[in-house]
$ cat query-v1.cif   # mmCIF, C-alpha atoms
data_protein
loop_
_atom_site.group_PDB
_atom_site.id
_atom_site.type_symbol
_atom_site.label_atom_id
_atom_site.label_comp_id
_atom_site.auth_asym_id
_atom_site.auth_seq_id
_atom_site.Cartn_x
_atom_site.Cartn_y
_atom_site.Cartn_z
ATOM 1 C CA MET R 1 58.029 -14.163 6.239
ATOM 2 C CA THR R 2 57.388 -17.551 7.766
ATOM 3 C CA ASN R 3 56.069 -18.164 11.221
ATOM 4 C CA GLU R 4 58.633 -20.239 13.006
ATOM 5 C CA ARG R 5 58.779 -21.268 16.612
ATOM 6 C CA LEU R 6 61.657 -19.452 18.247
ATOM 7 C CA PHE R 7 61.370 -21.006 21.676
ATOM 8 C CA ALA R 8 58.938 -22.609 24.084
ATOM 9 C CA ILE R 9 58.566 -22.152 27.808
ATOM 10 C CA ASP R 10 56.778 -24.714 29.896
ATOM 11 C CA GLY R 11 56.169 -24.244 33.548
ATOM 12 C CA ALA R 12 53.628 -24.237 36.309
ATOM 13 C CA ALA R 13 52.904 -22.350 39.498
ATOM 14 C CA THR R 14 50.472 -23.177 42.264
ATOM 15 C CA THR R 15 49.240 -21.086 45.162
ATOM 16 C CA ASP R 16 46.846 -21.648 48.036
ATOM 17 C CA VAL R 17 44.058 -19.105 48.445
ATOM 18 C CA ASP R 18 42.208 -18.585 51.724
ATOM 19 C CA ALA R 19 38.762 -18.452 50.097
ATOM 20 C CA GLU R 20 36.021 -20.743 48.862
ATOM 21 C CA ALA R 21 36.655 -22.326 45.470
ATOM 22 C CA SER R 22 33.505 -20.705 44.043
ATOM 23 C CA ALA R 23 34.745 -17.209 44.995
ATOM 24 C CA VAL R 24 38.170 -17.869 43.470
ATOM 25 C CA TRP R 25 36.571 -19.209 40.272
ATOM 26 C CA GLU R 26 34.290 -16.155 39.966
ATOM 27 C CA ALA R 27 37.292 -13.856 40.356
ATOM 28 C CA VAL R 28 39.514 -15.543 37.768
ATOM 29 C CA VAL R 29 36.799 -15.761 35.095
ATOM 30 C CA ASP R 30 35.682 -12.131 35.587
ATOM 31 C CA ILE R 31 37.867 -10.744 32.805
ATOM 32 C CA ASP R 32 35.862 -7.515 32.659
ATOM 33 C CA SER R 33 36.989 -6.582 36.189
ATOM 34 C CA SER R 34 40.624 -7.608 35.778
ATOM 35 C CA PRO R 35 41.868 -3.969 35.534
ATOM 36 C CA GLN R 36 40.632 -3.541 39.115
ATOM 37 C CA PHE R 37 42.681 -6.399 40.592
ATOM 38 C CA ILE R 38 45.584 -7.089 38.206
ATOM 39 C CA SER R 39 47.829 -4.048 38.519
ATOM 40 C CA PRO R 40 49.401 -3.945 35.022
ATOM 41 C CA VAL R 41 46.021 -4.372 33.238
ATOM 42 C CA VAL R 42 44.840 -0.979 31.994
ATOM 43 C CA SER R 43 41.776 -2.030 30.011
ATOM 44 C CA VAL R 44 39.763 -4.968 28.688
ATOM 45 C CA GLU R 45 37.394 -4.836 25.714
ATOM 46 C CA ARG R 46 35.451 -7.905 24.588
ATOM 47 C CA ILE R 47 35.419 -8.203 20.814
ATOM 48 C CA GLY R 48 33.737 -11.556 20.222
ATOM 49 C CA GLY R 49 32.159 -14.721 21.544
ATOM 50 C CA SER R 50 30.287 -13.125 24.438
ATOM 51 C CA ARG R 51 29.359 -9.704 25.767
ATOM 52 C CA LYS R 52 30.610 -7.849 28.833
ATOM 53 C CA GLY R 53 29.233 -9.477 31.968
ATOM 54 C CA ASP R 54 28.392 -12.769 30.220
ATOM 55 C CA PRO R 55 30.083 -15.997 31.329
ATOM 56 C CA LEU R 56 33.193 -17.034 29.439
ATOM 57 C CA VAL R 57 32.560 -19.442 26.582
ATOM 58 C CA VAL R 58 34.882 -21.034 24.057
ATOM 59 C CA GLY R 59 35.534 -18.283 21.532
ATOM 60 C CA THR R 60 35.229 -15.370 23.990
ATOM 61 C CA LYS R 61 37.759 -12.893 22.644
ATOM 62 C CA TRP R 62 39.031 -9.622 24.063
ATOM 63 C CA ILE R 63 41.739 -7.029 23.726
ATOM 64 C CA GLU R 64 43.721 -6.488 26.898
ATOM 65 C CA VAL R 65 46.065 -3.547 27.350
ATOM 66 C CA ARG R 66 48.804 -3.783 29.978
ATOM 67 C CA GLN R 67 51.369 -1.272 31.106
ATOM 68 C CA TYR R 68 54.799 -2.607 32.082
ATOM 69 C CA LYS R 69 57.061 0.181 33.291
ATOM 70 C CA LYS R 70 56.805 2.622 30.362
ATOM 71 C CA LYS R 71 55.865 0.023 27.727
ATOM 72 C CA THR R 72 52.294 -0.595 26.591
ATOM 73 C CA VAL R 73 51.528 -4.184 25.616
ATOM 74 C CA VAL R 74 48.344 -4.928 23.648
ATOM 75 C CA MET R 75 47.234 -8.565 23.597
ATOM 76 C CA THR R 76 44.339 -10.308 21.892
ATOM 77 C CA LYS R 77 43.119 -13.145 24.098
ATOM 78 C CA THR R 78 40.744 -15.972 23.157
ATOM 79 C CA ILE R 79 39.209 -18.642 25.399
ATOM 80 C CA THR R 80 39.954 -22.092 23.948
ATOM 81 C CA THR R 81 38.484 -24.274 26.746
ATOM 82 C CA VAL R 82 36.364 -23.503 29.804
ATOM 83 C CA SER R 83 34.563 -25.515 32.477
ATOM 84 C CA SER R 84 30.907 -24.674 32.993
ATOM 85 C CA ASN R 85 30.001 -22.712 36.118
ATOM 86 C CA ASP R 86 28.038 -25.693 37.416
ATOM 87 C CA SER R 87 30.698 -28.360 36.871
ATOM 88 C CA ALA R 88 32.527 -29.988 39.757
ATOM 89 C CA TYR R 89 35.972 -28.831 40.835
ATOM 90 C CA PRO R 90 38.610 -28.700 39.612
ATOM 91 C CA ARG R 91 37.485 -26.171 37.007
ATOM 92 C CA THR R 92 39.768 -24.909 34.281
ATOM 93 C CA PHE R 93 39.959 -22.483 31.431
ATOM 94 C CA SER R 94 42.604 -22.015 28.777
ATOM 95 C CA VAL R 95 43.342 -18.832 26.915
ATOM 96 C CA ASN R 96 45.417 -18.172 23.805
ATOM 97 C CA MET R 97 47.316 -14.874 23.970
ATOM 98 C CA ASN R 98 48.594 -13.121 20.842
ATOM 99 C CA TYR R 99 50.916 -10.164 21.330
ATOM 100 C CA GLY R 100 50.345 -8.627 17.898
ATOM 101 C CA GLU R 101 52.561 -7.285 15.174
ATOM 102 C CA SER R 102 54.692 -5.158 17.493
ATOM 103 C CA TYR R 103 55.857 -8.456 19.025
ATOM 104 C CA ASN R 104 56.019 -10.421 15.738
ATOM 105 C CA ASN R 105 52.653 -12.064 16.522
ATOM 106 C CA ILE R 106 54.173 -14.120 19.310
ATOM 107 C CA ALA R 107 51.469 -16.200 20.962
ATOM 108 C CA ASN R 108 51.178 -18.533 23.901
ATOM 109 C CA THR R 109 48.520 -20.459 25.767
ATOM 110 C CA GLY R 110 47.876 -20.466 29.494
ATOM 111 C CA THR R 111 45.593 -22.625 31.602
ATOM 112 C CA ILE R 112 44.170 -21.713 34.994
ATOM 113 C CA THR R 113 42.813 -24.407 37.297
ATOM 114 C CA VAL R 114 40.816 -23.862 40.484
ATOM 115 C CA SER R 115 40.719 -26.885 42.786
ATOM 116 C CA SER R 116 38.336 -27.228 45.709
ATOM 117 C CA ALA R 117 39.299 -27.230 49.370
ATOM 118 C CA HIS R 118 42.276 -29.303 50.343
ATOM 119 C CA THR R 119 44.327 -29.697 53.497
ATOM 120 C CA SER R 120 47.717 -28.059 53.703
ATOM 121 C CA LYS R 121 50.511 -30.444 54.688
ATOM 122 C CA ASP R 122 52.206 -27.665 56.636
ATOM 123 C CA ASP R 123 49.584 -26.557 59.129
ATOM 124 C CA GLY R 124 46.435 -28.635 58.565
ATOM 125 C CA THR R 125 44.354 -25.705 57.297
ATOM 126 C CA THR R 126 42.051 -25.973 54.288
ATOM 127 C CA GLY R 127 41.863 -23.653 51.336
ATOM 128 C CA THR R 128 41.493 -23.414 47.577
ATOM 129 C CA GLN R 129 44.312 -24.165 45.178
ATOM 130 C CA LEU R 130 44.902 -21.963 42.146
ATOM 131 C CA SER R 131 47.325 -23.152 39.487
#
$ encode --input "query-v1.cif" --output "structure tokens"
Amino acid sequence: MTNERLFAIDGAATTDVDAEASAVWEAVVDIDSSPQFISPVVSVERIGGSRKGDPLVVGTKWIEVRQYKKKTVVMTKTITTVSSNDSAYPRTFSVNMNYGESYNNIANTGTITVSSAHTSKDDGTTGTQLS
């Protein structure tokens, strides 16, 4: 069996968050706590690159189990790039996601970017941008 690319999806989404950039960054890189704030995530187990509670580094790898309706989806995720916690904003990290043999080893890559305070064009308020 050959691995062939069946399709590609490219897209982006951006949202404004009413919080400091540092708080948003800490939340999105806290993969160990994701079952507490991402509803379909059932469990996270680090399996390489860093230990539970350690900062994300390139090579951090974990198994994430999600429940969608009555279907369990097991993904292996690996950090491929990450900004240091002391770098200026915007900060980013990218993660490769492999859905395993039950999904023909389909994989994709996602990037999350946290940008510092900006002014909304709509109402003049400031906030943090997550994309």
$ resolve_selection --input "query-v1.cif" --expression "the PyMOL selection byres ((chain R and resi 94-108) around 7)" --output "list in words"
Val74, Met75, Thr76, Lys77, Thr78, Ile79, Thr80, Thr81, Val82, Thr92, Phe93, Thr109, Gly110, Thr111 and Ile112 of chain R
$ atom_distance --input "query-v1.cif" --atom1 "atom CA of R:Ser116" --atom2 "atom CA of R:Ser87"
11.7 Å
$ resolve_selection --input "query-v1.cif" --expression "the PyMOL selection byres ((chain R and resi 37-52) around 9)" --output "PyMOL selection string"
chain R and resi 31-36+53-69+78-79
$ resolve_selection --input "query-v1.cif" --expression "the PyMOL selection byres ((chain R and resi 21) around 6)" --output "count of residues only"
6
$ atom_distance --input "query-v1.cif" --atom1 "atom CA of R:Thr113" --atom2 "atom CA of R:Ala27"
12.3 Å
$ atom_distance --input "query-v1.cif" --atom1 "atom CA of R:Ala88" --atom2 "atom CA of R:Trp25"
11.5 Å
$ build_atoms --input "query-v1.cif" --residues "stretch 78-93 of chain R" --atoms "N, CA and C atoms" --output "short mmCIF file (atom, residue, chain, number, x, y, z; two decimals), keeping the file's coordinate frame"
data_model
loop_
_atom_site.label_atom_id
_atom_site.label_comp_id
_atom_site.auth_asym_id
_atom_site.auth_seq_id
_atom_site.Cartn_x
_atom_site.Cartn_y
_atom_site.Cartn_z
N THR R 78 41.89 -15.16 23.57
CA THR R 78 40.74 -15.97 23.16
C THR R 78 40.64 -17.20 24.04
N ILE R 79 39.44 -17.45 24.59
CA ILE R 79 39.21 -18.64 25.40
C ILE R 79 39.14 -19.85 24.47
N THR R 80 39.95 -20.88 24.78
CA THR R 80 39.95 -22.09 23.95
C THR R 80 39.27 -23.27 24.64
N THR R 81 39.24 -23.29 25.98
CA THR R 81 38.48 -24.27 26.75
C THR R 81 38.01 -23.60 28.02
N VAL R 82 36.85 -24.05 28.53
CA VAL R 82 36.36 -23.50 29.80
C VAL R 82 35.39 -24.49 30.43
N SER R 83 35.52 -24.70 31.74
CA SER R 83 34.56 -25.52 32.48
C SER R 83 33.28 -24.71 32.66
N SER R 84 32.16 -25.40 32.73
CA SER R 84 30.91 -24.67 32.99
C SER R 84 30.87 -24.26 34.46
N ASN R 85 30.10 -23.21 34.75
CA ASN R 85 30.00 -22.71 36.12
C ASN R 85 29.32 -23.68 37.06
N ASP R 86 28.68 -24.73 36.54
CA ASP R 86 28.04 -25.69 37.42
C ASP R 86 28.76 -27.04 37.43
N SER R 87 29.94 -27.10 36.85
CA SER R 87 30.70 -28.36 36.87
C SER R 87 31.42 -28.50 38.21
N ALA R 88 31.80 -29.72 38.52
CA ALA R 88 32.53 -29.99 39.76
C ALA R 88 33.95 -29.42 39.66
N TYR R 89 34.57 -29.26 40.81
CA TYR R 89 35.97 -28.83 40.84
C TYR R 89 36.86 -30.06 40.71
N PRO R 90 38.01 -29.94 40.07
CA PRO R 90 38.61 -28.70 39.61
C PRO R 90 37.95 -28.17 38.34
N ARG R 91 37.96 -26.85 38.21
CA ARG R 91 37.48 -26.17 37.01
C ARG R 91 38.68 -25.51 36.34
N THR R 92 38.64 -25.49 35.01
CA THR R 92 39.77 -24.91 34.28
C THR R 92 39.28 -24.04 33.13
N PHE R 93 40.14 -23.13 32.72
CA PHE R 93 39.96 -22.48 31.43
C PHE R 93 41.33 -22.24 30.83
#
